[in-house]
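One file, input-v9.txt, carrying compact mmCIF, N, CA, C and O atoms:
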# COMPACT_ATOMS: atom_id res chain seq x y z
N MET N 1 73.96 186.41 93.99
CA MET N 1 73.67 186.91 92.67
C MET N 1 73.21 185.77 91.77
O MET N 1 72.34 185.98 90.93
N VAL N 2 73.81 184.61 91.94
CA VAL N 2 73.41 183.47 91.11
C VAL N 2 71.96 183.10 91.39
O VAL N 2 71.17 182.92 90.47
N TYR N 3 71.60 183.05 92.67
CA TYR N 3 70.21 182.72 93.02
C TYR N 3 69.25 183.76 92.43
O TYR N 3 68.24 183.41 91.83
N GLY N 4 69.53 185.03 92.63
CA GLY N 4 68.64 186.09 92.17
C GLY N 4 68.44 186.06 90.66
O GLY N 4 67.32 186.18 90.17
N THR N 5 69.52 185.88 89.93
CA THR N 5 69.42 185.84 88.47
C THR N 5 68.67 184.60 88.01
O THR N 5 67.78 184.69 87.16
N ALA N 6 68.99 183.45 88.57
CA ALA N 6 68.33 182.20 88.17
C ALA N 6 66.85 182.24 88.54
O ALA N 6 65.99 181.81 87.75
N ALA N 7 66.54 182.74 89.72
CA ALA N 7 65.13 182.81 90.15
C ALA N 7 64.34 183.75 89.26
O ALA N 7 63.22 183.44 88.83
N ALA N 8 64.89 184.92 88.96
CA ALA N 8 64.19 185.88 88.11
C ALA N 8 64.05 185.35 86.69
O ALA N 8 63.03 185.57 86.03
N TYR N 9 65.04 184.64 86.22
CA TYR N 9 65.00 184.07 84.87
C TYR N 9 63.85 183.08 84.74
O TYR N 9 63.23 182.98 83.70
N GLY N 10 63.56 182.37 85.80
CA GLY N 10 62.52 181.35 85.76
C GLY N 10 61.10 181.87 85.90
O GLY N 10 60.16 181.09 85.83
N ILE N 11 60.91 183.15 86.10
CA ILE N 11 59.57 183.72 86.25
C ILE N 11 59.02 184.08 84.88
O ILE N 11 59.59 184.89 84.16
N ALA N 12 57.91 183.48 84.52
CA ALA N 12 57.26 183.78 83.23
C ALA N 12 56.07 184.70 83.46
O ALA N 12 55.51 184.76 84.56
N SER N 13 55.70 185.40 82.43
CA SER N 13 54.50 186.25 82.47
C SER N 13 53.71 185.97 81.19
O SER N 13 54.20 185.27 80.29
N PRO N 14 52.51 186.50 81.08
CA PRO N 14 51.74 186.28 79.84
C PRO N 14 52.43 186.83 78.59
O PRO N 14 52.15 186.39 77.49
N THR N 15 53.36 187.76 78.76
CA THR N 15 53.98 188.37 77.58
C THR N 15 55.41 187.93 77.33
O THR N 15 55.95 188.19 76.25
N GLN N 16 56.06 187.28 78.29
CA GLN N 16 57.45 186.85 78.09
C GLN N 16 57.75 185.59 78.88
O GLN N 16 57.13 185.30 79.88
N LYS N 17 58.75 184.84 78.40
CA LYS N 17 59.11 183.56 79.02
C LYS N 17 59.96 183.74 80.26
O LYS N 17 59.93 182.91 81.16
N HIS N 18 60.79 184.77 80.30
CA HIS N 18 61.76 184.93 81.39
C HIS N 18 61.70 186.35 81.95
O HIS N 18 61.29 187.28 81.27
N PHE N 19 62.16 186.50 83.17
CA PHE N 19 62.22 187.81 83.84
C PHE N 19 60.85 188.49 83.82
O PHE N 19 60.74 189.67 83.57
N GLY N 20 59.80 187.72 84.12
CA GLY N 20 58.45 188.24 84.05
C GLY N 20 57.89 188.72 85.37
O GLY N 20 56.75 189.14 85.45
N GLY N 21 58.68 188.66 86.43
CA GLY N 21 58.18 189.10 87.73
C GLY N 21 59.31 189.24 88.72
O GLY N 21 60.48 189.01 88.40
N ASN N 22 58.96 189.62 89.97
CA ASN N 22 60.00 189.83 90.97
C ASN N 22 59.74 189.07 92.26
O ASN N 22 60.42 189.29 93.25
N ALA N 23 58.78 188.17 92.27
CA ALA N 23 58.47 187.40 93.47
C ALA N 23 58.50 185.91 93.16
O ALA N 23 58.11 185.48 92.07
N LYS N 24 58.96 185.15 94.14
CA LYS N 24 59.06 183.70 93.97
C LYS N 24 59.06 183.07 95.36
O LYS N 24 59.34 183.72 96.35
N GLU N 25 58.81 181.76 95.41
CA GLU N 25 58.83 181.05 96.68
C GLU N 25 60.25 181.06 97.26
O GLU N 25 61.22 180.79 96.57
N ILE N 26 60.35 181.40 98.55
CA ILE N 26 61.64 181.47 99.23
C ILE N 26 62.09 180.05 99.57
O ILE N 26 61.34 179.30 100.19
N PRO N 27 63.32 179.68 99.16
CA PRO N 27 63.80 178.31 99.44
C PRO N 27 63.82 178.02 100.95
O PRO N 27 64.28 178.83 101.75
N GLY N 28 63.31 176.88 101.33
CA GLY N 28 63.34 176.45 102.73
C GLY N 28 62.21 176.98 103.57
O GLY N 28 61.94 176.47 104.65
N ILE N 29 61.52 178.03 103.12
CA ILE N 29 60.44 178.62 103.89
C ILE N 29 59.09 178.32 103.25
O ILE N 29 58.12 178.03 103.93
N GLY N 30 59.05 178.42 101.93
CA GLY N 30 57.81 178.11 101.21
C GLY N 30 56.89 179.30 101.02
O GLY N 30 55.86 179.18 100.38
N GLU N 31 57.23 180.45 101.56
CA GLU N 31 56.41 181.66 101.38
C GLU N 31 56.90 182.40 100.14
O GLU N 31 58.06 182.30 99.76
N ILE N 32 56.01 183.18 99.55
CA ILE N 32 56.38 184.00 98.40
C ILE N 32 57.10 185.24 98.92
O ILE N 32 56.66 185.88 99.87
N GLY N 33 58.22 185.57 98.29
CA GLY N 33 58.98 186.75 98.71
C GLY N 33 59.66 187.42 97.53
O GLY N 33 59.75 186.86 96.44
N TYR N 34 60.11 188.63 97.76
CA TYR N 34 60.81 189.41 96.74
C TYR N 34 62.16 188.77 96.46
O TYR N 34 62.94 188.52 97.38
N ILE N 35 62.46 188.49 95.21
CA ILE N 35 63.67 187.79 94.83
C ILE N 35 64.92 188.55 95.26
O ILE N 35 65.88 187.97 95.76
N GLY N 36 64.92 189.87 95.10
CA GLY N 36 66.08 190.68 95.47
C GLY N 36 66.40 190.59 96.95
O GLY N 36 67.56 190.49 97.35
N LEU N 37 65.37 190.63 97.80
CA LEU N 37 65.59 190.54 99.25
C LEU N 37 66.07 189.14 99.63
O LEU N 37 66.99 188.99 100.45
N THR N 38 65.48 188.13 99.02
CA THR N 38 65.91 186.76 99.29
C THR N 38 67.37 186.56 98.87
O THR N 38 68.16 185.97 99.61
N ALA N 39 67.75 187.09 97.72
CA ALA N 39 69.13 186.98 97.26
C ALA N 39 70.07 187.72 98.21
O ALA N 39 71.17 187.23 98.51
N PHE N 40 69.66 188.88 98.72
CA PHE N 40 70.49 189.63 99.67
C PHE N 40 70.70 188.82 100.95
O PHE N 40 71.81 188.72 101.46
N VAL N 41 69.62 188.26 101.49
CA VAL N 41 69.73 187.46 102.72
C VAL N 41 70.63 186.26 102.49
O VAL N 41 71.49 185.95 103.34
N LEU N 42 70.48 185.58 101.36
CA LEU N 42 71.37 184.45 101.06
C LEU N 42 72.82 184.90 100.95
O LEU N 42 73.73 184.21 101.41
N ASN N 43 73.05 186.06 100.35
CA ASN N 43 74.41 186.59 100.24
C ASN N 43 75.01 186.86 101.61
O ASN N 43 76.18 186.52 101.87
N VAL N 44 74.24 187.45 102.51
CA VAL N 44 74.72 187.71 103.87
C VAL N 44 75.03 186.40 104.58
O VAL N 44 76.07 186.27 105.24
N LEU N 45 74.14 185.42 104.45
CA LEU N 45 74.37 184.11 105.10
C LEU N 45 75.65 183.45 104.58
O LEU N 45 76.45 182.93 105.37
N VAL N 46 75.84 183.45 103.26
CA VAL N 46 77.05 182.86 102.68
C VAL N 46 78.29 183.61 103.20
O VAL N 46 79.29 182.98 103.56
N THR N 47 78.21 184.92 103.25
CA THR N 47 79.35 185.72 103.73
C THR N 47 79.68 185.39 105.18
O THR N 47 80.85 185.19 105.52
N VAL N 48 78.67 185.31 106.03
CA VAL N 48 78.91 185.01 107.45
C VAL N 48 79.48 183.60 107.62
O VAL N 48 80.47 183.41 108.34
N VAL N 49 78.89 182.63 106.93
CA VAL N 49 79.36 181.24 107.06
C VAL N 49 80.81 181.12 106.55
O VAL N 49 81.66 180.52 107.22
N LEU N 50 81.10 181.69 105.39
CA LEU N 50 82.46 181.59 104.86
C LEU N 50 83.46 182.34 105.73
O LEU N 50 84.60 181.88 105.89
N THR N 51 83.06 183.45 106.32
CA THR N 51 83.96 184.18 107.22
C THR N 51 84.31 183.31 108.43
O THR N 51 85.49 183.20 108.80
N VAL N 52 83.31 182.68 109.02
CA VAL N 52 83.56 181.81 110.19
C VAL N 52 84.45 180.64 109.78
O VAL N 52 85.42 180.31 110.48
N VAL N 53 84.15 180.00 108.66
CA VAL N 53 84.94 178.85 108.21
C VAL N 53 86.38 179.25 107.92
O VAL N 53 87.33 178.59 108.36
N LEU N 54 86.58 180.34 107.19
CA LEU N 54 87.94 180.75 106.83
C LEU N 54 88.74 181.20 108.05
O LEU N 54 89.94 180.95 108.15
N LYS N 55 88.07 181.84 109.02
CA LYS N 55 88.78 182.22 110.25
C LYS N 55 89.14 180.97 111.05
O LYS N 55 90.21 180.90 111.64
N ALA N 56 88.26 179.96 111.07
CA ALA N 56 88.56 178.71 111.78
C ALA N 56 89.72 177.98 111.13
O ALA N 56 90.52 177.33 111.82
N LEU N 57 89.84 178.10 109.80
CA LEU N 57 90.95 177.48 109.09
C LEU N 57 92.22 178.32 109.13
O LEU N 57 93.25 177.93 108.58
N LYS N 58 92.12 179.49 109.77
CA LYS N 58 93.24 180.43 109.90
C LYS N 58 93.80 180.84 108.53
O LYS N 58 95.01 180.93 108.32
N ALA N 59 92.87 181.09 107.60
CA ALA N 59 93.26 181.56 106.27
C ALA N 59 93.82 182.97 106.39
O ALA N 59 93.35 183.76 107.22
N PRO N 60 94.84 183.32 105.61
CA PRO N 60 95.39 184.67 105.70
C PRO N 60 94.36 185.71 105.29
O PRO N 60 93.56 185.49 104.38
N GLU N 61 94.36 186.84 106.01
CA GLU N 61 93.37 187.89 105.75
C GLU N 61 93.78 188.81 104.61
O GLU N 61 92.98 189.60 104.14
N GLY N 62 95.01 188.75 104.17
CA GLY N 62 95.46 189.63 103.11
C GLY N 62 96.02 190.92 103.68
O GLY N 62 95.98 191.17 104.87
N ILE N 63 96.54 191.75 102.78
CA ILE N 63 97.16 193.00 103.19
C ILE N 63 96.37 194.16 102.62
O ILE N 63 96.05 194.19 101.43
N ASP N 64 96.04 195.13 103.47
CA ASP N 64 95.36 196.33 103.00
C ASP N 64 96.40 197.27 102.41
O ASP N 64 97.28 197.75 103.12
N GLU N 65 96.32 197.49 101.11
CA GLU N 65 97.30 198.33 100.43
C GLU N 65 96.83 199.77 100.27
O GLU N 65 97.44 200.55 99.55
N THR N 66 95.73 200.13 100.94
CA THR N 66 95.21 201.48 100.86
C THR N 66 96.14 202.42 101.62
O THR N 66 96.54 202.14 102.74
N ARG N 67 96.47 203.54 100.99
CA ARG N 67 97.32 204.55 101.63
C ARG N 67 96.46 205.74 102.02
O ARG N 67 95.42 205.98 101.40
N PRO N 68 96.84 206.51 103.02
CA PRO N 68 96.04 207.68 103.42
C PRO N 68 95.76 208.64 102.27
O PRO N 68 94.68 209.20 102.17
N GLU N 69 96.71 208.81 101.35
CA GLU N 69 96.50 209.74 100.24
C GLU N 69 95.47 209.22 99.23
O GLU N 69 95.02 209.96 98.35
N ASP N 70 95.07 207.95 99.34
CA ASP N 70 94.05 207.40 98.45
C ASP N 70 92.65 207.93 98.79
O ASP N 70 91.73 207.80 98.00
N TYR N 71 92.49 208.49 99.98
CA TYR N 71 91.17 208.92 100.44
C TYR N 71 90.79 210.33 99.99
O TYR N 71 89.63 210.70 100.07
N THR N 72 91.75 211.14 99.58
CA THR N 72 91.44 212.51 99.20
C THR N 72 92.07 212.84 97.86
O THR N 72 93.08 212.27 97.47
N ALA N 73 91.47 213.80 97.20
CA ALA N 73 92.03 214.33 95.96
C ALA N 73 91.66 215.81 95.91
O ALA N 73 90.50 216.18 96.13
N ASP N 74 92.63 216.65 95.70
CA ASP N 74 92.40 218.08 95.67
C ASP N 74 92.80 218.64 94.31
O ASP N 74 93.64 218.08 93.61
N ALA N 75 92.20 219.76 93.96
CA ALA N 75 92.58 220.44 92.73
C ALA N 75 94.07 220.72 92.78
O ALA N 75 94.61 221.15 93.79
N GLY N 76 94.74 220.43 91.70
CA GLY N 76 96.18 220.62 91.64
C GLY N 76 96.96 219.35 91.86
O GLY N 76 98.14 219.28 91.52
N ASP N 77 96.33 218.32 92.44
CA ASP N 77 97.00 217.04 92.60
C ASP N 77 97.17 216.40 91.23
O ASP N 77 96.36 216.61 90.33
N PRO N 78 98.20 215.58 91.04
CA PRO N 78 98.38 214.90 89.75
C PRO N 78 97.14 214.07 89.41
O PRO N 78 96.62 213.35 90.26
N GLY N 79 96.66 214.19 88.20
CA GLY N 79 95.52 213.42 87.74
C GLY N 79 94.17 214.03 88.07
O GLY N 79 93.14 213.50 87.68
N VAL N 80 94.13 215.16 88.79
CA VAL N 80 92.87 215.80 89.13
C VAL N 80 92.66 216.98 88.20
O VAL N 80 93.50 217.88 88.10
N GLU N 81 91.52 216.98 87.50
CA GLU N 81 91.21 218.06 86.59
C GLU N 81 90.18 218.99 87.23
O GLU N 81 89.24 218.55 87.87
N VAL N 82 90.36 220.29 87.04
CA VAL N 82 89.41 221.26 87.56
C VAL N 82 88.23 221.32 86.59
O VAL N 82 88.40 221.54 85.40
N GLU N 83 87.00 221.09 87.09
CA GLU N 83 85.83 221.08 86.25
C GLU N 83 85.10 222.42 86.26
O GLU N 83 84.45 222.78 85.30
N LEU N 84 85.16 223.14 87.36
CA LEU N 84 84.44 224.39 87.50
C LEU N 84 85.43 225.52 87.74
O LEU N 84 86.48 225.30 88.36
N PRO N 85 85.09 226.73 87.31
CA PRO N 85 85.97 227.85 87.63
C PRO N 85 85.93 228.12 89.13
O PRO N 85 84.93 227.83 89.79
N PRO N 86 87.01 228.67 89.69
CA PRO N 86 87.00 228.93 91.12
C PRO N 86 85.92 229.94 91.48
O PRO N 86 85.62 230.86 90.71
N ALA N 87 85.28 229.77 92.62
CA ALA N 87 84.23 230.67 93.08
C ALA N 87 84.86 231.97 93.54
O ALA N 87 85.96 232.01 94.08
N THR N 88 84.14 233.05 93.31
CA THR N 88 84.61 234.36 93.78
C THR N 88 83.56 234.96 94.70
O THR N 88 82.38 234.56 94.68
N ALA N 89 83.94 235.92 95.50
CA ALA N 89 83.02 236.57 96.44
C ALA N 89 81.92 237.32 95.71
O ALA N 89 80.84 237.53 96.25
N ASP N 90 82.19 237.75 94.48
CA ASP N 90 81.21 238.54 93.74
C ASP N 90 80.25 237.70 92.90
O ASP N 90 79.37 238.25 92.25
N SER N 91 80.41 236.39 92.91
CA SER N 91 79.56 235.55 92.07
C SER N 91 78.13 235.51 92.62
O SER N 91 77.90 235.54 93.81
N VAL N 92 77.16 235.50 91.70
CA VAL N 92 75.75 235.49 92.07
C VAL N 92 75.20 234.11 91.81
O VAL N 92 75.48 233.47 90.81
N HIS N 93 74.36 233.63 92.72
CA HIS N 93 73.79 232.28 92.60
C HIS N 93 72.48 232.33 91.91
O HIS N 93 71.54 232.87 92.14

If you convert what's in this file into structure tokens, what do you get?
Amino acid sequence: MVYGTAAAYGIASPTQKHFGGNAKEIPGIGEIGYIGLTAFVLNVLVTVVLTVVLKALKAPEGIDETRPEDYTADAGDPGVEVELPPATADSVH
């Protein structure tokens, strides 16, 4: 995200100083590319490298605190509001 924002900020156009385009030279390659795609690829690379490094250092993975009831919500459950009236067999679409 830092790369994408900084790269886009540095693009000027005839009408504005910053955020004037969406393409810039890709670092290390030298070809012009879409800033968003380049930022995504850099994000994936950072994620993969940090995952390998942290696993090699045996860093704790953390605890998943998600409970099965977090995945569903039904009408009538606490905190769930009914937005539509219940459908009936006689209703016309």

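For the choices N:Ala56, N:Val2, N:Ile63, N:Ala75, the atom-to-atom distance to Ala39 in chain N is smallest for N:Val2 when using only C-alpha atoms.
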
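For the choices N:Ala12, N:Ala7, N:Val41, N:Ala73, the atom-to-atom distance to Glu25 in chain N is smallest for N:Ala7 when using all atoms listed in the file.
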
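All protein, DNA and RNA residues at most 12 Å from (55.9, 188.1, 90.7) are Ala7, Ala8, Tyr9, Gly10, Ile11, Ala12, Ser13, Pro14, His18, Phe19, Gly20, Gly21, Asn22, Ala23, Lys24, Glu25, Ile32, Gly33, Tyr34, Ile35 and Gly36 of chain N, using only C-alpha atoms.
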
Atom pair CA of Pro68 in chain N + CA of Thr51 in chain N, distance 26.7 Å

Extract the full set of strand (DSSP E or B) residues from chain N according to DSSP on the backbone, and format it as a PDB file with N, CA, C and O atoms, keeping the file's coordinate frame.
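Generated file (result.pdb):
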ATOM      1  N   ALA N  23      58.780 188.170  92.270  1.00  0.00           N
ATOM      2  CA  ALA N  23      58.470 187.400  93.470  1.00  0.00           C
ATOM      3  C   ALA N  23      58.500 185.910  93.160  1.00  0.00           C
ATOM      4  O   ALA N  23      58.110 185.480  92.070  1.00  0.00           O
ATOM      5  N   LYS N  24      58.960 185.150  94.140  1.00  0.00           N
ATOM      6  CA  LYS N  24      59.060 183.700  93.970  1.00  0.00           C
ATOM      7  C   LYS N  24      59.060 183.070  95.360  1.00  0.00           C
ATOM      8  O   LYS N  24      59.340 183.720  96.350  1.00  0.00           O
ATOM      9  N   GLU N  25      58.810 181.760  95.410  1.00  0.00           N
ATOM     10  CA  GLU N  25      58.830 181.050  96.680  1.00  0.00           C
ATOM     11  C   GLU N  25      60.250 181.060  97.260  1.00  0.00           C
ATOM     12  O   GLU N  25      61.220 180.790  96.570  1.00  0.00           O
ATOM     13  N   ILE N  32      56.010 183.180  99.550  1.00  0.00           N
ATOM     14  CA  ILE N  32      56.380 184.000  98.400  1.00  0.00           C
ATOM     15  C   ILE N  32      57.100 185.240  98.920  1.00  0.00           C
ATOM     16  O   ILE N  32      56.660 185.880  99.870  1.00  0.00           O
ATOM     17  N   GLY N  33      58.220 185.570  98.290  1.00  0.00           N
ATOM     18  CA  GLY N  33      58.980 186.750  98.710  1.00  0.00           C
ATOM     19  C   GLY N  33      59.660 187.420  97.530  1.00  0.00           C
ATOM     20  O   GLY N  33      59.750 186.860  96.440  1.00  0.00           O
ATOM     21  N   TYR N  34      60.110 188.630  97.760  1.00  0.00           N
ATOM     22  CA  TYR N  34      60.810 189.410  96.740  1.00  0.00           C
ATOM     23  C   TYR N  34      62.160 188.770  96.460  1.00  0.00           C
ATOM     24  O   TYR N  34      62.940 188.520  97.380  1.00  0.00           O
TER      25      TYR N  34
END

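Straight-line separation from CA of Phe40 in chain N to CA of Tyr3 in chain N: 9.6 Å.
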
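Pairwise distance (CA of Thr5 in chain N, CA of Leu45 in chain N) equals 17.4 Å.
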
| request: Assign secondary structure with DSSP using the backbone only, and return the residues of chain N in helix (DSSP H, G or I) as number ranges by chain. | output: N: 2-9, 35-56, 68-71
